$ cat entry-v7.cif   # mmCIF, C-alpha atoms and all ligand atoms
data_entry
loop_
_atom_site.label_atom_id
_atom_site.label_comp_id
_atom_site.auth_asym_id
_atom_site.auth_seq_id
_atom_site.Cartn_x
_atom_site.Cartn_y
_atom_site.Cartn_z
CA MET A 10 0.00 0.00 0.00
CA CYS A 11 1.37 3.44 -0.88
CA GLU A 12 2.61 5.86 1.72
CA ARG A 13 -0.17 8.36 1.00
CA ARG A 14 -2.90 5.77 1.73
CA CYS A 15 -1.28 4.82 5.04
CA PHE A 16 -1.14 8.44 6.13
CA MET A 17 -4.75 9.05 5.12
CA GLU A 18 -5.92 6.07 7.04
CA ARG A 19 -4.06 7.16 10.11
CA ILE A 20 -5.32 10.73 10.08
CA ASP A 21 -8.98 11.33 9.44
CA ILE A 22 -9.00 15.09 9.01
CA GLY A 23 -12.79 15.42 8.76
CA SER A 24 -13.22 13.86 12.19
CA MET A 25 -10.96 16.33 14.01
CA LEU A 26 -12.03 19.12 16.35
CA PRO A 27 -10.46 22.60 16.00
CA GLN A 28 -7.96 21.94 18.79
CA GLU A 29 -6.91 18.62 17.27
CA LEU A 30 -6.41 20.29 13.89
CA SER A 31 -4.35 23.02 15.52
CA ASP A 32 -2.14 20.37 17.13
CA LEU A 33 -1.83 18.65 13.76
CA MET A 34 -0.77 21.93 12.13
CA SER A 35 1.90 22.41 14.81
CA GLN A 36 3.17 18.91 14.12
CA LEU A 37 3.37 19.74 10.43
CA GLY A 38 5.38 22.88 11.29
CA GLU A 39 2.48 25.22 10.47
CA LYS A 40 0.87 27.98 12.54
CA PRO A 41 -1.69 26.45 14.95
CA PHE A 42 -4.45 28.91 13.93
CA ARG A 43 -4.52 27.22 10.54
CA GLY A 44 -6.28 24.35 12.31
CA ARG A 45 -9.32 26.44 13.13
CA GLN A 46 -9.37 27.80 9.57
CA ILE A 47 -9.40 24.28 8.16
CA PHE A 48 -12.14 23.29 10.58
CA GLN A 49 -14.26 26.22 9.40
CA TRP A 50 -13.71 25.37 5.75
CA ILE A 51 -14.74 21.76 6.26
CA HIS A 52 -17.51 22.14 8.83
CA ALA A 53 -18.93 25.64 8.35
CA LYS A 54 -18.40 26.27 4.64
CA GLN A 55 -18.54 22.54 3.80
CA VAL A 56 -16.01 22.67 0.99
CA GLU A 57 -14.89 19.45 -0.63
CA SER A 58 -11.34 20.32 -1.63
CA PHE A 59 -8.30 22.03 -0.18
CA GLU A 60 -8.04 24.23 -3.29
CA GLU A 61 -11.17 26.05 -2.11
CA MET A 62 -9.56 26.95 1.24
CA THR A 63 -8.41 30.25 -0.18
CA ASP A 64 -7.10 31.81 3.01
CA LEU A 65 -4.52 29.05 3.44
CA PRO A 66 -1.11 29.55 1.81
CA LEU A 67 -0.86 27.76 -1.53
CA MET A 68 1.99 25.56 -0.31
CA LEU A 69 -0.07 24.36 2.64
CA ARG A 70 -3.05 23.63 0.40
CA LEU A 71 -0.83 21.55 -1.86
CA LYS A 72 0.71 19.75 1.09
CA LEU A 73 -2.72 18.96 2.54
CA SER A 74 -4.13 17.71 -0.74
CA GLU A 75 -1.20 15.36 -1.03
CA GLU A 76 -1.88 13.88 2.38
CA PHE A 77 -5.64 14.06 2.81
CA ASP A 78 -8.81 14.02 0.78
CA VAL A 79 -11.85 15.91 2.00
CA SER A 80 -14.13 15.01 -0.87
CA GLU A 81 -13.86 11.28 -0.30
CA TRP A 82 -16.52 11.61 2.38
CA SER A 83 -19.51 11.12 0.21
CA LYS A 84 -20.60 10.93 -3.37
CA ILE A 85 -24.32 11.09 -3.96
CA LEU A 86 -25.49 8.11 -5.99
CA GLN A 87 -29.19 8.73 -5.88
CA VAL A 88 -31.63 11.34 -4.56
CA ARG A 89 -35.20 10.20 -4.13
CA PRO A 90 -37.78 12.76 -2.99
CA SER A 91 -41.07 11.50 -1.57
CA SER A 92 -44.25 12.32 -3.46
CA ASP A 93 -45.33 14.84 -0.81
CA ALA A 94 -41.89 16.53 -0.97
CA GLN A 95 -41.64 16.28 2.82
CA SER A 96 -38.67 13.96 2.86
CA THR A 97 -35.80 13.04 0.59
CA LYS A 98 -33.70 9.94 0.69
CA TYR A 99 -30.05 9.99 -0.33
CA LEU A 100 -27.97 7.01 -1.31
CA LEU A 101 -24.31 7.86 -0.69
CA ARG A 102 -21.03 6.21 -1.51
CA LEU A 103 -18.24 6.69 1.01
CA ALA A 104 -14.58 5.69 1.02
CA LYS A 105 -13.85 1.97 0.71
CA ASN A 106 -16.87 1.71 -1.59
CA THR A 107 -19.20 1.74 1.38
CA ILE A 108 -22.82 2.46 0.51
CA ILE A 109 -25.10 4.12 3.04
CA GLU A 110 -28.28 6.10 3.13
CA SER A 111 -29.47 9.25 4.83
CA VAL A 112 -32.80 11.03 4.86
CA SER A 113 -33.75 14.67 5.22
CA MET A 114 -37.20 15.53 6.48
CA SER A 115 -38.92 18.88 6.56
CA TYR A 116 -41.01 19.88 9.52
CA SER A 117 -42.67 23.10 10.52
CA TYR A 118 -39.70 23.81 12.83
CA GLY A 119 -37.00 23.19 10.20
CA ALA A 120 -35.15 20.42 8.42
CA SER A 121 -34.03 17.30 10.20
CA ALA A 122 -31.30 14.93 9.03
CA CYS A 123 -31.59 11.23 9.72
CA VAL A 124 -27.97 10.09 9.83
CA SER A 125 -26.52 6.55 9.58
CA THR A 126 -23.87 5.64 12.14
CA GLN A 127 -22.83 2.32 10.61
CA ALA A 128 -23.02 0.73 7.18
CA GLY A 129 -25.40 -2.12 7.91
CA CYS A 130 -26.03 -3.27 11.48
CA ASP A 131 -25.66 -6.47 13.45
CA MET A 132 -28.32 -5.95 16.10
CA GLY A 133 -30.72 -8.20 14.20
CA CYS A 134 -34.08 -6.50 14.99
CA SER A 135 -36.56 -8.62 13.09
CA PHE A 136 -38.64 -5.77 11.60
CA CYS A 137 -35.69 -3.67 10.39
CA ALA A 138 -34.35 -3.45 6.83
CA SER A 139 -30.82 -2.72 8.06
CA ALA A 140 -30.49 -6.00 9.89
CA GLU A 141 -28.50 -7.67 7.13
CA GLY A 142 -25.20 -7.56 9.05
CA LEU A 143 -22.54 -5.01 9.79
CA ASP A 144 -20.27 -3.74 7.04
CA ARG A 145 -18.31 -1.14 9.06
CA ASN A 146 -18.50 1.74 11.51
CA LEU A 147 -18.69 5.20 9.97
CA SER A 148 -16.25 7.87 11.09
CA ALA A 149 -17.47 11.04 12.77
CA GLY A 150 -16.47 12.96 9.64
CA GLU A 151 -18.54 10.62 7.49
CA MET A 152 -21.55 11.32 9.69
CA CYS A 153 -20.96 15.08 9.25
CA GLY A 154 -20.56 14.48 5.51
CA GLN A 155 -24.11 13.08 5.35
CA VAL A 156 -25.49 16.29 6.85
CA TYR A 157 -23.44 18.47 4.51
CA SER A 158 -24.34 16.49 1.37
CA MET A 159 -28.04 16.82 2.13
CA GLN A 160 -27.78 20.45 3.18
CA LYS A 161 -25.91 21.44 0.05
CA THR A 162 -28.12 19.47 -2.31
CA SER A 163 -31.38 20.74 -0.86
CA GLY A 164 -30.23 24.26 -0.07
CA ALA A 165 -32.18 24.04 3.21
CA ARG A 166 -30.32 24.47 6.48
CA ILE A 167 -30.45 21.39 8.66
CA SER A 168 -31.37 22.41 12.17
CA HIS A 169 -31.99 19.00 13.76
CA VAL A 170 -30.20 15.67 13.63
CA VAL A 171 -31.48 12.23 14.57
CA LEU A 172 -29.06 9.32 14.69
CA MET A 173 -31.74 6.97 13.41
CA GLY A 174 -30.38 5.88 10.06
CA SER A 175 -28.82 2.47 9.75
CA GLY A 176 -26.55 1.22 12.50
CA GLU A 177 -26.49 1.10 16.26
CA PRO A 178 -24.97 4.31 17.65
CA MET A 179 -23.81 2.66 20.89
CA ALA A 180 -21.87 0.09 18.86
CA ASN A 181 -19.93 2.98 17.31
CA TYR A 182 -19.81 4.95 20.54
CA ASP A 183 -16.61 6.98 20.07
CA GLY A 184 -17.53 7.91 16.49
CA VAL A 185 -20.97 9.05 17.57
CA VAL A 186 -19.79 11.17 20.51
CA LYS A 187 -17.16 12.76 18.28
CA PHE A 188 -19.81 13.49 15.65
CA ILE A 189 -21.99 15.24 18.25
CA ARG A 190 -19.03 17.39 19.31
CA LEU A 191 -18.18 18.24 15.68
CA ILE A 192 -21.66 19.09 14.47
CA SER A 193 -22.45 21.18 17.55
CA ASN A 194 -19.12 23.03 17.50
CA GLU A 195 -19.65 26.78 17.29
CA ALA A 196 -16.98 27.15 14.60
CA GLY A 197 -18.84 24.68 12.39
CA GLN A 198 -22.56 24.02 11.97
CA ASN A 199 -23.25 24.94 15.59
CA ILE A 200 -26.33 22.71 15.74
CA SER A 201 -27.61 22.81 19.30
CA GLN A 202 -27.11 19.54 21.15
CA ARG A 203 -30.70 19.85 22.29
CA ARG A 204 -31.66 19.34 18.67
CA ILE A 205 -29.73 16.10 18.34
CA ALA A 206 -31.22 12.71 19.23
CA VAL A 207 -29.27 9.49 19.68
CA SER A 208 -31.40 6.39 19.17
CA THR A 209 -30.36 3.04 20.62
CA CYS A 210 -31.88 -0.40 20.55
CA GLY A 211 -31.04 -0.56 24.26
CA ILE A 212 -27.33 -1.08 24.92
CA VAL A 213 -27.36 -0.34 28.64
CA PRO A 214 -23.65 0.41 29.30
CA GLY A 215 -23.69 2.89 26.39
CA ILE A 216 -26.59 4.78 27.96
CA TYR A 217 -24.73 5.20 31.29
CA LYS A 218 -21.59 6.26 29.46
CA LEU A 219 -23.45 8.81 27.35
CA ALA A 220 -25.07 10.23 30.47
CA GLY A 221 -21.58 11.04 31.76
CA GLU A 222 -20.33 12.88 28.66
CA GLY A 223 -21.69 16.28 29.66
CA LEU A 224 -23.69 16.48 26.42
CA SER A 225 -27.28 17.67 26.25
CA VAL A 226 -28.55 15.39 23.52
CA THR A 227 -31.89 13.60 23.62
CA LEU A 228 -31.79 9.88 24.22
CA ALA A 229 -34.27 7.84 22.19
CA VAL A 230 -34.69 4.18 23.03
CA SER A 231 -36.29 1.68 20.68
CA LEU A 232 -38.48 -0.12 23.18
CA HIS A 233 -41.15 -1.59 20.91
CA ALA A 234 -42.57 -3.85 23.62
CA PRO A 235 -43.99 -3.71 27.16
CA ASN A 236 -42.15 -6.82 28.42
CA ASP A 237 -39.09 -8.99 27.80
CA GLU A 238 -41.09 -11.83 26.30
CA ILE A 239 -42.35 -9.78 23.35
CA ARG A 240 -39.21 -7.69 23.16
CA SER A 241 -36.83 -10.61 22.90
CA ARG A 242 -39.01 -12.11 20.19
CA ILE A 243 -38.44 -9.09 17.93
CA MET A 244 -35.16 -7.66 19.27
CA PRO A 245 -32.26 -10.03 20.11
CA VAL A 246 -30.61 -7.27 22.20
CA ALA A 247 -33.34 -7.80 24.83
CA LYS A 248 -31.68 -11.06 25.81
CA ALA A 249 -28.50 -9.21 26.74
CA TYR A 250 -30.19 -6.24 28.42
CA PRO A 251 -33.55 -6.92 30.03
CA MET A 252 -36.14 -4.20 30.26
CA ASP A 253 -35.83 -3.49 33.97
CA GLU A 254 -32.11 -2.75 33.52
CA LEU A 255 -32.83 -0.73 30.40
CA LEU A 256 -35.51 1.42 32.02
CA LYS A 257 -33.28 1.97 35.04
CA ALA A 258 -30.53 3.25 32.72
CA CYS A 259 -33.04 5.54 30.97
CA ARG A 260 -34.22 7.01 34.26
CA SER A 261 -30.63 7.58 35.21
CA TYR A 262 -29.98 9.34 31.86
CA ALA A 263 -33.01 11.59 32.43
CA LYS A 264 -31.81 12.38 35.94
CA ALA A 265 -28.24 13.17 34.88
CA THR A 266 -29.17 15.29 31.87
CA LYS A 267 -32.60 16.56 32.99
CA ARG A 268 -33.75 15.60 29.53
CA ARG A 269 -36.85 13.68 28.66
CA VAL A 270 -36.13 10.24 27.20
CA THR A 271 -38.08 9.24 24.10
CA TYR A 272 -39.34 5.68 23.87
CA GLU A 273 -39.84 4.61 20.29
CA TYR A 274 -42.62 2.07 19.89
CA ALA A 275 -43.24 0.53 16.45
CA MET A 276 -46.85 -0.63 16.36
CA ILE A 277 -47.01 -4.16 14.93
CA LYS A 278 -50.41 -5.69 14.35
CA GLY A 279 -51.18 -8.50 16.76
CA GLU A 280 -47.68 -8.42 18.29
CA ASN A 281 -47.41 -5.47 20.66
CA ASP A 282 -50.50 -3.30 20.09
CA SER A 283 -53.21 -4.54 22.47
CA ALA A 284 -54.87 -2.59 25.28
CA GLU A 285 -53.12 -4.89 27.79
CA ASN A 286 -49.76 -4.12 26.16
CA ALA A 287 -50.47 -0.41 26.50
CA GLU A 288 -51.44 -0.79 30.16
CA GLU A 289 -48.35 -2.87 30.95
CA LEU A 290 -46.13 -0.27 29.31
CA ALA A 291 -47.87 2.63 31.03
CA LYS A 292 -47.39 1.05 34.46
CA LEU A 293 -43.68 0.60 33.80
CA ILE A 294 -42.88 4.14 32.74
CA LYS A 295 -45.50 6.39 34.30
CA GLY A 296 -44.08 9.13 36.45
CA SER A 297 -40.66 9.16 34.76
CA LEU A 298 -39.31 11.96 32.57
CA CYS A 299 -40.20 10.43 29.23
CA HIS A 300 -42.31 10.52 26.14
CA VAL A 301 -43.58 7.71 23.91
CA ASN A 302 -43.49 7.95 20.15
CA LEU A 303 -45.84 5.49 18.45
CA ILE A 304 -44.82 4.58 14.89
CA PRO A 305 -46.90 2.36 12.61
CA VAL A 306 -44.32 -0.28 11.65
CA ASN A 307 -43.05 0.14 8.14
CA ASP A 308 -43.41 -2.97 6.07
CA VAL A 309 -39.92 -3.80 4.83
CA GLY A 310 -40.86 -7.19 3.45
CA LYS A 311 -40.49 -9.04 6.75
CA ASN A 312 -44.08 -10.04 7.32
CA PHE A 313 -44.89 -7.40 9.88
CA THR A 314 -48.12 -5.54 9.39
CA LYS A 315 -48.69 -2.14 10.90
CA SER A 316 -51.43 -1.73 13.48
CA GLY A 317 -54.66 -0.09 12.42
CA LYS A 318 -55.41 3.55 13.13
CA ARG A 319 -57.96 2.53 15.75
CA GLU A 320 -55.48 0.34 17.67
CA ILE A 321 -52.83 3.04 17.57
CA GLU A 322 -55.20 5.68 18.86
CA ALA A 323 -56.51 3.37 21.59
CA PHE A 324 -52.93 2.57 22.62
CA ALA A 325 -52.13 6.28 22.81
CA SER A 326 -55.25 6.99 24.89
CA LYS A 327 -54.39 4.25 27.35
CA LEU A 328 -50.90 5.69 27.88
CA ALA A 329 -52.36 9.17 28.27
CA GLU A 330 -54.80 7.84 30.92
CA TYR A 331 -51.75 7.00 33.03
CA GLY A 332 -50.34 10.46 32.48
CA VAL A 333 -47.67 9.25 30.01
CA GLU A 334 -46.90 11.75 27.26
CA VAL A 335 -47.43 10.22 23.85
CA THR A 336 -47.37 11.23 20.19
CA ILE A 337 -48.18 9.32 17.03
CA ARG A 338 -45.39 9.90 14.57
CA ARG A 339 -46.29 11.46 11.29
CA LYS A 340 -45.21 8.98 8.70
CA LEU A 341 -42.80 10.56 6.28
CA GLY A 342 -41.44 9.14 3.12
CA SER A 343 -42.94 5.66 3.08
CA ASP A 344 -43.18 5.84 -0.72
CA ILE A 345 -39.42 6.39 -0.99
CA ASN A 346 -38.57 3.49 1.28
CA ALA A 347 -37.47 5.87 4.00
CA ALA A 348 -37.40 3.17 6.65
CA CYS A 349 -33.76 2.65 7.44
CA GLY A 350 -31.81 0.34 5.20
CA GLN A 351 -34.42 -0.17 2.52
CA LEU A 352 -32.82 1.77 -0.30
CA ARG A 353 -29.38 0.41 0.55
CA SER A 354 -30.58 -3.18 0.56
CA GLU A 355 -32.16 -2.64 -2.86
CA ARG A 356 -28.79 -1.41 -4.08
CA ILE A 357 -26.48 -3.98 -2.59
CA GLY A 358 -29.03 -6.79 -2.88
N1 LIG A 401 -30.09 1.15 16.11
C1 LIG A 401 -30.79 2.31 16.58
C2 LIG A 401 -31.02 3.39 15.54
C3 LIG A 401 -31.39 2.99 14.15
S1 LIG A 401 -33.05 2.47 13.81
C4 LIG A 401 -32.07 1.92 17.25
O1 LIG A 401 -32.42 0.74 17.25
O2 LIG A 401 -32.70 2.77 17.85
C5 LIG A 401 -34.02 3.90 14.02
C6 LIG A 401 -35.43 3.58 14.49
O3 LIG A 401 -36.22 2.99 13.44
C7 LIG A 401 -35.47 2.61 15.66
O4 LIG A 401 -36.43 3.03 16.60
C8 LIG A 401 -35.92 1.34 14.97
O5 LIG A 401 -36.45 0.42 15.86
C9 LIG A 401 -36.90 1.89 13.95
N2 LIG A 401 -37.25 0.97 12.88
C10 LIG A 401 -36.47 0.10 12.23
N3 LIG A 401 -37.17 -0.57 11.30
C11 LIG A 401 -38.43 -0.10 11.37
C12 LIG A 401 -39.63 -0.40 10.68
N4 LIG A 401 -39.66 -1.35 9.74
N5 LIG A 401 -40.74 0.29 11.01
C13 LIG A 401 -40.72 1.24 11.97
N6 LIG A 401 -39.62 1.57 12.67
C14 LIG A 401 -38.49 0.90 12.37
#
$ encode --input "entry-v7.cif" --output "C-alpha cells"
Amino acid sequence: MCERRCFMERIDIGSMLPQELSDLMSQLGEKPFRGRQIFQWIHAKQVESFEEMTDLPLMLRLKLSEEFDVSEWSKILQVRPSSDAQSTKYLLRLAKNTIIESVSMSYSYGASACVSTQAGCDMGCSFCASAEGLDRNLSAGEMCGQVYSMQKTSGARISHVVLMGSGEPMANYDGVVKFIRLISNEAGQNISQRRIAVSTCGIVPGIYKLAGEGLSVTLAVSLHAPNDEIRSRIMPVAKAYPMDELLKACRSYAKATKRRVTYEYAMIKGENDSAENAEELAKLIKGSLCHVNLIPVNDVGKNFTKSGKREIEAFASKLAEYGVEVTIRRKLGSDINAACGQLRSERIG
C-alpha cells in the first residue's frame, strides 16, 4: 500500500475538532491557527477540496491535498424525494466503496437529518431493513458528511439531527460522541445539542456512558414492547439487556441530563399493540421523565403488518390515561422506502 494511503488512514481530518487540527498543524510545522481555519472550511463552509480553502497559503493547500482528501466523504449516488416533498432519501457512496443512506425531512420547525452511524447493522431487529449484518462503523467525519451532502443538495439548512439511520450508535460509541461534538461546535454548523437525538436499541452500558459525557442530547430508546417476552421475540438485544435494567438506565440518563427520554414504539399488528400491552407499558414508565413515540411499523418485506389507526389511537389513549406523554409519529417518506436500510438493501441486494 502506498505511503499516502497509510497516512490518510491514520489521520482522518474530517473527524478532528479545531484543537486537534491546531495540534496537527503544529506537528506539520504550520501555525496552529490554521487548524481552526481548516475546521471552518470543512464544517462551516462545507467545501470538498483544499483548493477552495483560499485563506490558506498555496503551499499548505498543496501539502494537505497530497496527504488528505476531503471530498472522499460522500458521493451522492441517488436522490429520491417522496411524493409529498416532505422527505428526501439519499444514497451515498463513502470511502472503501461503502454504501449508506441518509434522509432529510422537513417539519414546521426546520429540516431534520436522519444520519446513519454504521453501514449495515448487526443488532438483528426482526422488523428492520438494516439487519442484514454489519459492514463497518462510519467515522465522525462521514456522519458530518451526510449532513453536509443533504444540506448542500437541498439548499435548506439542517437544524436538527437524529441518529436513526442504519446502525447502532452505541456500537460505534466513540464515532458518535465525536460526531456530536463536531456538528455542535460553534466554529462549524453549531447545531444545538438539544436538537440532536441518539437512538439506541437498548445497549445499557452505552446509555450510562453517554449520560456522563456532559452532552445535552436527547436519548431515544427503541423499546417496541412492554415486556421482555415480546421484546426478545423481535429484538435479540433484549436477551443481553432486560427491560428493567434498560428502564433503570433511561431514568438515570433523564436524571443526569434533565432531559426527557423518548421511547420509540413501532406498532405491529397482533404483536405489541393490544390494550393490555399499553397498560403494561404505562405502568412501567408512568411518572418518569419520558415521552412515547408510536410509529406504525413500516413494512420492509419481513411479514410485519402495521397496526390499524384505531389500535394506535386506543394505545395512545391508554398511555395518556396514566399520564404518560405520547405522540403518534407522522409517517414521512414511506413511498421512498425511507425506513432505514431499505434503499441500501435494494442497491447492494
Ligand atoms: N439502532 C438504533 C437506531 C437505528 S433504527 C435503534 O435501534 O434505535 C431507528 C429507528 O427505526 C429505531 O427506533 C428502529 O427500531 C426503527 N425501525 C427500524 N425498522 C423499522 C420499521 N420497519 N418500522 C418502523 N420503525 C423501524
$ atom_distance --input "entry-v7.cif" --atom1 "CA of Ala180 in chain A" --atom2 "CA of Tyr217 in chain A"
13.7 Å
$ residues_near_point --input "entry-v7.cif" --point "(-32.7, -6.4, 9.9)" --cutoff "10 Å" --atoms "only C-alpha atoms" --output "PyMOL selection string"
chain A and resi 129-142+175+244+309+311+349-351
$ residues_around --input "entry-v7.cif" --residues "range 327-334 of chain A" --least-positions-apart "2" --cutoff "6 Å" --atoms "only C-alpha atoms" --output "PDB file with C-alpha atoms, in the coordinates of the input"
ATOM      1  CA  ALA A 291     -47.870   2.630  31.030  1.00  0.00           C
ATOM      2  CA  LYS A 295     -45.500   6.390  34.300  1.00  0.00           C
ATOM      3  CA  HIS A 300     -42.310  10.520  26.140  1.00  0.00           C
ATOM      4  CA  PHE A 324     -52.930   2.570  22.620  1.00  0.00           C
ATOM      5  CA  ALA A 325     -52.130   6.280  22.810  1.00  0.00           C
TER       6      ALA A 325
END
$ closest_residue --input "entry-v7.cif" --among "A:Arg70, A:Lys248, A:Arg240, A:Arg260" --to "ligand LIG 401 (chain A)" --atoms "only C-alpha atoms and all ligand atoms"
A:Arg240
$ closest_atom_pairs --input "entry-v7.cif" --of "chain A" --to "ligand LIG 401 (chain A)" --cutoff "7 Å" --atoms "all atoms listed in the file" --output "Markdown table"
| residue | atom | partner | partner_atom | distance |
| --- | --- | --- | --- | --- |
| A:Phe136 | CA | A:LIG401 | N4 | 4.9 |
| A:Cys137 | CA | A:LIG401 | N3 | 3.6 |
| A:Ala138 | CA | A:LIG401 | N3 | 6.0 |
| A:Leu172 | CA | A:LIG401 | C2 | 6.3 |
| A:Met173 | CA | A:LIG401 | C5 | 3.9 |
| A:Gly174 | CA | A:LIG401 | C3 | 5.1 |
| A:Ser175 | CA | A:LIG401 | C3 | 5.1 |
| A:Gly176 | CA | A:LIG401 | N1 | 5.1 |
| A:Glu177 | CA | A:LIG401 | N1 | 3.6 |
| A:Pro178 | CA | A:LIG401 | N1 | 6.2 |
| A:Ser208 | CA | A:LIG401 | O2 | 4.1 |
| A:Thr209 | CA | A:LIG401 | O2 | 3.6 |
| A:Cys210 | CA | A:LIG401 | O1 | 3.5 |
| A:Ala229 | CA | A:LIG401 | O2 | 6.9 |
| A:Val230 | CA | A:LIG401 | O2 | 5.7 |
| A:Ser231 | CA | A:LIG401 | O4 | 4.3 |
| A:Glu273 | CA | A:LIG401 | O4 | 5.3 |
| A:Ala275 | CA | A:LIG401 | C13 | 5.2 |
| A:Ile304 | CA | A:LIG401 | C13 | 6.0 |
| A:Pro305 | CA | A:LIG401 | C13 | 6.3 |
| A:Val306 | CA | A:LIG401 | N5 | 3.7 |
| A:Asn307 | CA | A:LIG401 | N5 | 3.7 |
| A:Asp308 | CA | A:LIG401 | N4 | 5.5 |
| A:Val309 | CA | A:LIG401 | N4 | 5.5 |
| A:Ala348 | CA | A:LIG401 | C12 | 5.8 |
| A:Cys349 | CA | A:LIG401 | C10 | 6.1 |
